[in-house]
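Undergrad: Input file: input-v1.pdb. Contents: PDB, C-alpha atoms, pLDDT in the B column.
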```
ATOM      1  CA  MET A   1     -22.833  14.143   7.046  1.00 89.00           C
ATOM      2  CA  ALA A   2     -20.381  14.277   4.172  1.00 96.00           C
ATOM      3  CA  THR A   3     -16.798  13.157   3.860  1.00 97.00           C
ATOM      4  CA  ALA A   4     -14.205  14.453   1.464  1.00 98.00           C
ATOM      5  CA  ASP A   5     -10.635  14.071   0.335  1.00 98.00           C
ATOM      6  CA  LEU A   6      -8.856  17.285  -0.594  1.00 98.00           C
ATOM      7  CA  THR A   7      -5.587  18.014  -2.357  1.00 98.00           C
ATOM      8  CA  VAL A   8      -4.530  21.602  -3.051  1.00 97.00           C
ATOM      9  CA  ILE A   9      -1.559  21.939  -5.390  1.00 95.00           C
ATOM     10  CA  GLY A  10       0.144  25.290  -5.857  1.00 95.00           C
ATOM     11  CA  LEU A  11       1.682  25.564  -9.324  1.00 95.00           C
ATOM     12  CA  GLY A  12       4.497  27.859 -10.373  1.00 94.00           C
ATOM     13  CA  ARG A  13       6.669  27.512  -7.290  1.00 91.00           C
ATOM     14  CA  ALA A  14      10.462  27.519  -7.609  1.00 91.00           C
ATOM     15  CA  ASP A  15      10.941  24.725  -5.054  1.00 89.00           C
ATOM     16  CA  PRO A  16       9.505  21.294  -5.934  1.00 91.00           C
ATOM     17  CA  SER A  17       8.521  20.806  -2.271  1.00 91.00           C
ATOM     18  CA  ALA A  18       4.954  21.752  -1.364  1.00 92.00           C
ATOM     19  CA  GLY A  19       5.534  21.469   2.396  1.00 93.00           C
ATOM     20  CA  GLU A  20       5.223  25.192   3.170  1.00 94.00           C
ATOM     21  CA  TYR A  21       1.880  25.440   1.382  1.00 94.00           C
ATOM     22  CA  ILE A  22       0.568  22.272   2.980  1.00 96.00           C
ATOM     23  CA  ALA A  23       1.635  23.499   6.420  1.00 97.00           C
ATOM     24  CA  GLU A  24      -0.263  26.761   5.915  1.00 97.00           C
ATOM     25  CA  ILE A  25      -3.335  24.846   4.767  1.00 97.00           C
ATOM     26  CA  GLN A  26      -3.136  22.744   7.945  1.00 97.00           C
ATOM     27  CA  ARG A  27      -2.835  25.931  10.048  1.00 98.00           C
ATOM     28  CA  ARG A  28      -5.999  27.248   8.405  1.00 97.00           C
ATOM     29  CA  LEU A  29      -7.787  24.001   9.116  1.00 98.00           C
ATOM     30  CA  GLU A  30      -6.729  24.150  12.766  1.00 98.00           C
ATOM     31  CA  SER A  31      -8.142  27.685  13.073  1.00 97.00           C
ATOM     32  CA  GLN A  32     -11.645  26.802  11.789  1.00 97.00           C
ATOM     33  CA  ARG A  33     -14.455  24.912  13.507  1.00 97.00           C
ATOM     34  CA  LEU A  34     -16.707  23.955  10.585  1.00 97.00           C
ATOM     35  CA  VAL A  35     -15.210  20.558   9.668  1.00 98.00           C
ATOM     36  CA  THR A  36     -13.024  17.910  11.224  1.00 96.00           C
ATOM     37  CA  PHE A  37      -9.915  16.925   9.303  1.00 97.00           C
ATOM     38  CA  LYS A  38      -6.959  14.599   9.164  1.00 96.00           C
ATOM     39  CA  LEU A  39      -3.776  15.039   7.160  1.00 97.00           C
ATOM     40  CA  HIS A  40      -2.552  12.014   5.228  1.00 95.00           C
ATOM     41  CA  ALA A  41       0.327  11.465   2.811  1.00 94.00           C
ATOM     42  CA  MET A  42      -1.546  12.547  -0.328  1.00 95.00           C
ATOM     43  CA  GLY A  43      -3.967  15.169   0.986  1.00 96.00           C
ATOM     44  CA  THR A  44      -6.428  15.838   3.780  1.00 97.00           C
ATOM     45  CA  SER A  45      -9.611  14.038   4.766  1.00 97.00           C
ATOM     46  CA  LEU A  46     -12.524  16.290   5.743  1.00 98.00           C
ATOM     47  CA  GLU A  47     -15.783  15.547   7.542  1.00 97.00           C
ATOM     48  CA  GLY A  48     -18.837  17.771   8.026  1.00 97.00           C
ATOM     49  CA  SER A  49     -21.849  19.073   6.178  1.00 96.00           C
ATOM     50  CA  THR A  50     -21.503  19.494   2.419  1.00 97.00           C
ATOM     51  CA  ASP A  51     -21.953  23.260   2.732  1.00 98.00           C
ATOM     52  CA  ASP A  52     -19.295  23.511   5.442  1.00 98.00           C
ATOM     53  CA  ILE A  53     -16.834  21.378   3.479  1.00 98.00           C
ATOM     54  CA  LEU A  54     -17.313  23.529   0.378  1.00 98.00           C
ATOM     55  CA  THR A  55     -16.861  26.722   2.422  1.00 98.00           C
ATOM     56  CA  VAL A  56     -13.610  25.441   3.920  1.00 98.00           C
ATOM     57  CA  VAL A  57     -12.342  24.161   0.553  1.00 98.00           C
ATOM     58  CA  ALA A  58     -12.910  27.587  -1.017  1.00 98.00           C
ATOM     59  CA  ASP A  59     -10.796  29.160   1.739  1.00 98.00           C
ATOM     60  CA  LEU A  60      -8.035  26.558   1.394  1.00 98.00           C
ATOM     61  CA  HIS A  61      -7.964  26.908  -2.395  1.00 98.00           C
ATOM     62  CA  ARG A  62      -6.956  30.575  -1.917  1.00 98.00           C
ATOM     63  CA  VAL A  63      -3.948  29.802   0.312  1.00 97.00           C
ATOM     64  CA  PRO A  64      -1.334  29.286  -2.442  1.00 96.00           C
ATOM     65  CA  PHE A  65      -2.549  32.451  -4.201  1.00 97.00           C
ATOM     66  CA  GLU A  66      -2.132  34.373  -0.945  1.00 97.00           C
ATOM     67  CA  MET A  67       1.412  32.985  -0.728  1.00 96.00           C
ATOM     68  CA  GLY A  68       2.247  34.406  -4.144  1.00 95.00           C
ATOM     69  CA  LEU A  69       1.693  31.532  -6.536  1.00 96.00           C
ATOM     70  CA  PRO A  70       0.095  32.248  -9.911  1.00 97.00           C
ATOM     71  CA  ARG A  71      -1.932  29.033 -10.262  1.00 97.00           C
ATOM     72  CA  VAL A  72      -3.715  26.564  -7.982  1.00 97.00           C
ATOM     73  CA  TYR A  73      -5.062  23.128  -8.865  1.00 97.00           C
ATOM     74  CA  THR A  74      -7.500  21.686  -6.317  1.00 98.00           C
ATOM     75  CA  VAL A  75      -8.854  18.143  -6.335  1.00 98.00           C
ATOM     76  CA  LEU A  76     -11.910  17.446  -4.190  1.00 98.00           C
ATOM     77  CA  LYS A  77     -13.602  14.080  -3.831  1.00 98.00           C
ATOM     78  CA  LEU A  78     -16.878  14.541  -1.957  1.00 97.00           C
ATOM     79  CA  ASP A  79     -19.064  11.716  -0.660  1.00 96.00           C
ATOM     80  CA  GLU A  80     -22.441  12.466   0.878  1.00 95.00           C
ATOM     81  CA  ARG A  81     -24.795   9.802   2.230  1.00 92.00           C
ATOM     82  CA  ARG A  82     -28.324  10.694   3.164  1.00 92.00           C
ATOM     83  CA  ASP A  83     -29.602   7.225   4.043  1.00 93.00           C
ATOM     84  CA  LYS A  84     -27.520   6.971   7.222  1.00 90.00           C
ATOM     85  CA  PRO A  85     -24.838   8.906   9.078  1.00 89.00           C
ATOM     86  CA  GLN A  86     -21.337   7.718   8.200  1.00 88.00           C
ATOM     87  CA  THR A  87     -17.966   9.021   9.350  1.00 90.00           C
ATOM     88  CA  LEU A  88     -14.526   8.438   7.875  1.00 91.00           C
ATOM     89  CA  GLU A  89     -13.880   5.983  10.724  1.00 91.00           C
ATOM     90  CA  ASP A  90     -17.100   4.124   9.864  1.00 91.00           C
ATOM     91  CA  LYS A  91     -15.919   3.649   6.286  1.00 90.00           C
ATOM     92  CA  VAL A  92     -12.550   2.262   7.357  1.00 90.00           C
ATOM     93  CA  ARG A  93     -14.125   0.040  10.019  1.00 91.00           C
ATOM     94  CA  SER A  94     -16.548  -1.404   7.465  1.00 90.00           C
ATOM     95  CA  VAL A  95     -13.697  -2.570   5.236  1.00 90.00           C
ATOM     96  CA  GLU A  96     -11.635  -3.851   8.162  1.00 90.00           C
ATOM     97  CA  GLU A  97     -14.580  -5.951   9.359  1.00 90.00           C
ATOM     98  CA  ARG A  98     -14.895  -7.467   5.901  1.00 90.00           C
ATOM     99  CA  LEU A  99     -11.208  -8.356   5.964  1.00 90.00           C
ATOM    100  CA  GLU A 100     -11.677 -10.261   9.242  1.00 87.00           C
ATOM    101  CA  ARG A 101     -14.381 -12.613   7.941  1.00 79.00           C
ATOM    102  CA  PRO A 102     -14.348 -15.052   5.035  1.00 74.00           C
ATOM    103  CA  PRO A 103     -15.374 -13.476   1.754  1.00 68.00           C
ATOM    104  CA  GLN A 104     -18.923 -14.113   0.642  1.00 69.00           C
ATOM    105  CA  GLN A 105     -19.398 -16.050  -2.552  1.00 66.00           C
ATOM    106  CA  PRO A 106     -20.766 -13.804  -5.289  1.00 65.00           C
ATOM    107  CA  PRO A 107     -24.122 -14.870  -6.730  1.00 61.00           C
ATOM    108  CA  GLN A 108     -24.030 -16.866  -9.951  1.00 63.00           C
ATOM    109  CA  GLN A 109     -24.494 -14.580 -12.905  1.00 60.00           C
ATOM    110  CA  GLU A 110     -24.670 -14.885 -16.620  1.00 60.00           C
ATOM    111  CA  GLN A 111     -21.389 -14.520 -18.440  1.00 57.00           C
ATOM    112  CA  SER A 112     -20.093 -11.008 -18.254  1.00 57.00           C
ATOM    113  CA  PHE A 113     -19.175  -9.084 -21.366  1.00 55.00           C
ATOM    114  CA  GLU A 114     -15.487  -9.900 -20.820  1.00 60.00           C
ATOM    115  CA  GLN A 115     -16.216 -13.645 -20.572  1.00 61.00           C
ATOM    116  CA  GLN A 116     -18.242 -13.932 -23.753  1.00 60.00           C
ATOM    117  CA  PRO A 117     -16.456 -15.204 -26.859  1.00 63.00           C
ATOM    118  CA  ARG A 118     -15.335 -12.355 -29.054  1.00 64.00           C
ATOM    119  CA  GLN A 119     -16.823 -11.955 -32.492  1.00 64.00           C
ATOM    120  CA  PRO A 120     -14.987  -9.957 -35.127  1.00 64.00           C
ATOM    121  CA  PRO A 121     -16.654  -6.647 -35.886  1.00 63.00           C
ATOM    122  CA  PRO A 122     -18.659  -6.486 -39.109  1.00 63.00           C
ATOM    123  CA  SER A 123     -16.567  -5.397 -42.028  1.00 61.00           C
ATOM    124  CA  ARG A 124     -17.246  -1.967 -43.367  1.00 63.00           C
ATOM    125  CA  TRP A 125     -15.070  -2.441 -46.418  1.00 63.00           C
ATOM    126  CA  ARG A 126     -16.439  -3.976 -49.540  1.00 58.00           C
ATOM    127  CA  THR A 127     -14.350  -6.579 -51.197  1.00 58.00           C
ATOM    128  CA  SER A 128     -15.294  -7.033 -54.825  1.00 55.00           C
TER     129      SER A 128
END
```
Just give me the structure of the file as structure tokens.

TA:
Amino acid sequence: MATADLTVIGLGRADPSAGEYIAEIQRRLESQRLVTFKLHAMGTSLEGSTDDILTVVADLHRVPFEMGLPRVYTVLKLDERRDKPQTLEDKVRSVEERLERPPQQPPQQEQSFEQQPRQPPPSRWRTS
């Protein structure tokens, strides 16, 4: 199972609002059965197999072109786990559960790079 976050941005439109394009993308999502989806304020979450997600994304990327725009910019974040099944709800629930319990103390580590005293870089200029 894979999860993804998708944003399709049609460029070259006269109106700064993207609502018409987003609405058509949502209509296309409603008409397919390959992936589940959920609209959010900055894009759409997708859930399904990697192949199915990529098939649907290719179709959605074409929507602004079909509506007459000359350029489309698509951002896809794809997360695939093969060690265990994990849904979008599982990911959210995992964080919410961590918020409900006291934070665990991180293990003691050596000083990180940021914590080490800074040394000036070696000079590459000769002074004579």

Undergrad: Could you give me, as a tab-separated table, a per-residue list for segment 76-102 of chain A showing, wherever an atom lies at most 12 Å from an atom of segment 43-61 of chain A, the closest pair of atoms and their distance in Å to one decimal, using all atoms listed in the file and sorting by chain then residue number from low to high?

TA:
```
residue	atom	partner	partner_atom	distance
A:Leu76	CA	A:Val57	CA	8.2
A:Lys77	CA	A:Ser45	CA	9.5
A:Leu78	CA	A:Thr50	CA	8.1
A:Asp79	CA	A:Thr50	CA	8.7
A:Glu80	CA	A:Thr50	CA	7.3
A:Arg81	CA	A:Thr50	CA	10.2
A:Arg82	CA	A:Ser49	CA	11.0
A:Pro85	CA	A:Gly48	CA	10.8
A:Gln86	CA	A:Glu47	CA	9.6
A:Thr87	CA	A:Glu47	CA	7.1
A:Leu88	CA	A:Glu47	CA	7.2
A:Glu89	CA	A:Glu47	CA	10.3
A:Asp90	CA	A:Glu47	CA	11.7
A:Lys91	CA	A:Glu47	CA	12.0
```

Undergrad: So which one's closest to Val35 of chain A, A:Ile9, A:Thr3, A:Arg98, A:Ala14? Using all atoms listed in the file, please.

TA: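 The closest residue to Val35 of chain A is A:Thr3.
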
Undergrad: Around (-4.1, 31.3, -5.5) in the file's own coordinates, what residues are found within 12 Å if you use only C-alpha atoms, given back as JSON, numbers by chain?

TA: {"A": [8, 9, 10, 11, 12, 13, 21, 58, 59, 60, 61, 62, 63, 64, 65, 66, 67, 68, 69, 70, 71, 72, 73, 74]}

Undergrad: One decimal, Å: what's the distance from atom CA of Asp15 of chain A over to atom CA of Ser31 of chain A, could you say?

TA: 26.5 Å

Undergrad: Can you work out the spacing between atom CA of Ile25 of chain A and atom CA of His40 of chain A in Å, to one decimal?

TA: 12.9 Å

Undergrad: Using all atoms listed in the file for the distances, tell me which of A:Val75, A:Thr7, A:Glu30, A:Pro102 is nearest to Met42 of chain A.

TA: A:Thr7

Undergrad: Quote the spacing between atom CA of Ala2 of chain A and atom CA of Thr36 of chain A in Å to one decimal place.

TA: 10.8 Å

Undergrad: Here is a test: counting only C-alpha atoms, which residue of A:Leu6, A:Pro16, A:Arg27, A:Ser94 is nearest to Ala41 of chain A?

TA: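 Counting only C-alpha atoms, the residue closest to Ala41 of chain A is A:Leu6.
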
Undergrad: Can you take the partial segment 13-37 of chain A, add N, CA, C and O atoms, and return it as a compact mmCIF listing (two decimals), in the coordinates of the input?

TA:
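Written out: selection.txt:
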```
# COMPACT_ATOMS: atom_id res chain seq x y z
N ARG A 13 5.71 27.27 -8.36
CA ARG A 13 6.67 27.51 -7.29
C ARG A 13 8.07 27.11 -7.75
O ARG A 13 8.22 26.18 -8.55
N ALA A 14 9.08 27.80 -7.23
CA ALA A 14 10.46 27.52 -7.61
C ALA A 14 10.95 26.21 -6.99
O ALA A 14 11.71 25.47 -7.61
N ASP A 15 10.52 25.92 -5.79
CA ASP A 15 10.94 24.72 -5.05
C ASP A 15 9.96 23.59 -5.34
O ASP A 15 8.75 23.80 -5.27
N PRO A 16 10.43 22.39 -5.67
CA PRO A 16 9.51 21.29 -5.93
C PRO A 16 8.73 20.84 -4.69
O PRO A 16 7.71 20.19 -4.81
N SER A 17 9.21 21.19 -3.50
CA SER A 17 8.52 20.81 -2.27
C SER A 17 7.28 21.67 -2.06
O SER A 17 7.31 22.89 -2.25
N ALA A 18 6.20 21.03 -1.64
CA ALA A 18 4.95 21.75 -1.36
C ALA A 18 4.72 21.89 0.14
O ALA A 18 3.67 22.35 0.56
N GLY A 19 5.70 21.51 0.94
CA GLY A 19 5.53 21.47 2.40
C GLY A 19 5.08 22.77 3.03
O GLY A 19 4.24 22.76 3.94
N GLU A 20 5.61 23.90 2.58
CA GLU A 20 5.22 25.19 3.17
C GLU A 20 3.76 25.49 2.92
O GLU A 20 3.05 25.99 3.79
N TYR A 21 3.28 25.19 1.73
CA TYR A 21 1.88 25.44 1.38
C TYR A 21 0.96 24.49 2.15
O TYR A 21 -0.09 24.90 2.65
N ILE A 22 1.37 23.26 2.24
CA ILE A 22 0.57 22.27 2.98
C ILE A 22 0.51 22.64 4.46
O ILE A 22 -0.55 22.55 5.09
N ALA A 23 1.62 23.09 5.01
CA ALA A 23 1.64 23.50 6.42
C ALA A 23 0.67 24.66 6.66
O ALA A 23 -0.06 24.68 7.66
N GLU A 24 0.66 25.63 5.76
CA GLU A 24 -0.26 26.76 5.92
C GLU A 24 -1.71 26.31 5.79
O GLU A 24 -2.58 26.78 6.54
N ILE A 25 -1.98 25.39 4.90
CA ILE A 25 -3.34 24.85 4.77
C ILE A 25 -3.74 24.15 6.07
O ILE A 25 -4.87 24.32 6.55
N GLN A 26 -2.83 23.41 6.68
CA GLN A 26 -3.14 22.74 7.94
C GLN A 26 -3.37 23.77 9.06
O GLN A 26 -4.23 23.59 9.91
N ARG A 27 -2.60 24.87 9.06
CA ARG A 27 -2.84 25.93 10.05
C ARG A 27 -4.24 26.51 9.89
O ARG A 27 -4.92 26.78 10.89
N ARG A 28 -4.65 26.71 8.65
CA ARG A 28 -6.00 27.25 8.40
C ARG A 28 -7.06 26.27 8.89
O ARG A 28 -8.08 26.67 9.46
N LEU A 29 -6.83 25.00 8.65
CA LEU A 29 -7.79 24.00 9.12
C LEU A 29 -7.87 24.00 10.64
O LEU A 29 -8.96 23.88 11.21
N GLU A 30 -6.73 24.13 11.31
CA GLU A 30 -6.73 24.15 12.77
C GLU A 30 -7.46 25.37 13.33
O GLU A 30 -7.99 25.31 14.43
N SER A 31 -7.52 26.45 12.58
CA SER A 31 -8.14 27.68 13.07
C SER A 31 -9.64 27.75 12.82
O SER A 31 -10.31 28.66 13.29
N GLN A 32 -10.21 26.79 12.08
CA GLN A 32 -11.64 26.80 11.79
C GLN A 32 -12.35 25.73 12.62
O GLN A 32 -11.72 24.84 13.14
N ARG A 33 -13.66 25.87 12.72
CA ARG A 33 -14.46 24.91 13.51
C ARG A 33 -15.61 24.30 12.71
O ARG A 33 -16.49 23.69 13.28
N LEU A 34 -15.60 24.46 11.39
CA LEU A 34 -16.71 23.96 10.58
C LEU A 34 -16.61 22.46 10.29
O LEU A 34 -17.62 21.76 10.25
N VAL A 35 -15.40 21.96 10.04
CA VAL A 35 -15.21 20.56 9.67
C VAL A 35 -14.10 19.94 10.51
O VAL A 35 -13.22 20.64 11.00
N THR A 36 -14.16 18.62 10.64
CA THR A 36 -13.02 17.91 11.22
C THR A 36 -12.13 17.48 10.07
O THR A 36 -12.57 17.38 8.92
N PHE A 37 -10.87 17.21 10.38
CA PHE A 37 -9.91 16.92 9.30
C PHE A 37 -8.79 16.04 9.81
O PHE A 37 -8.53 15.96 11.01
```
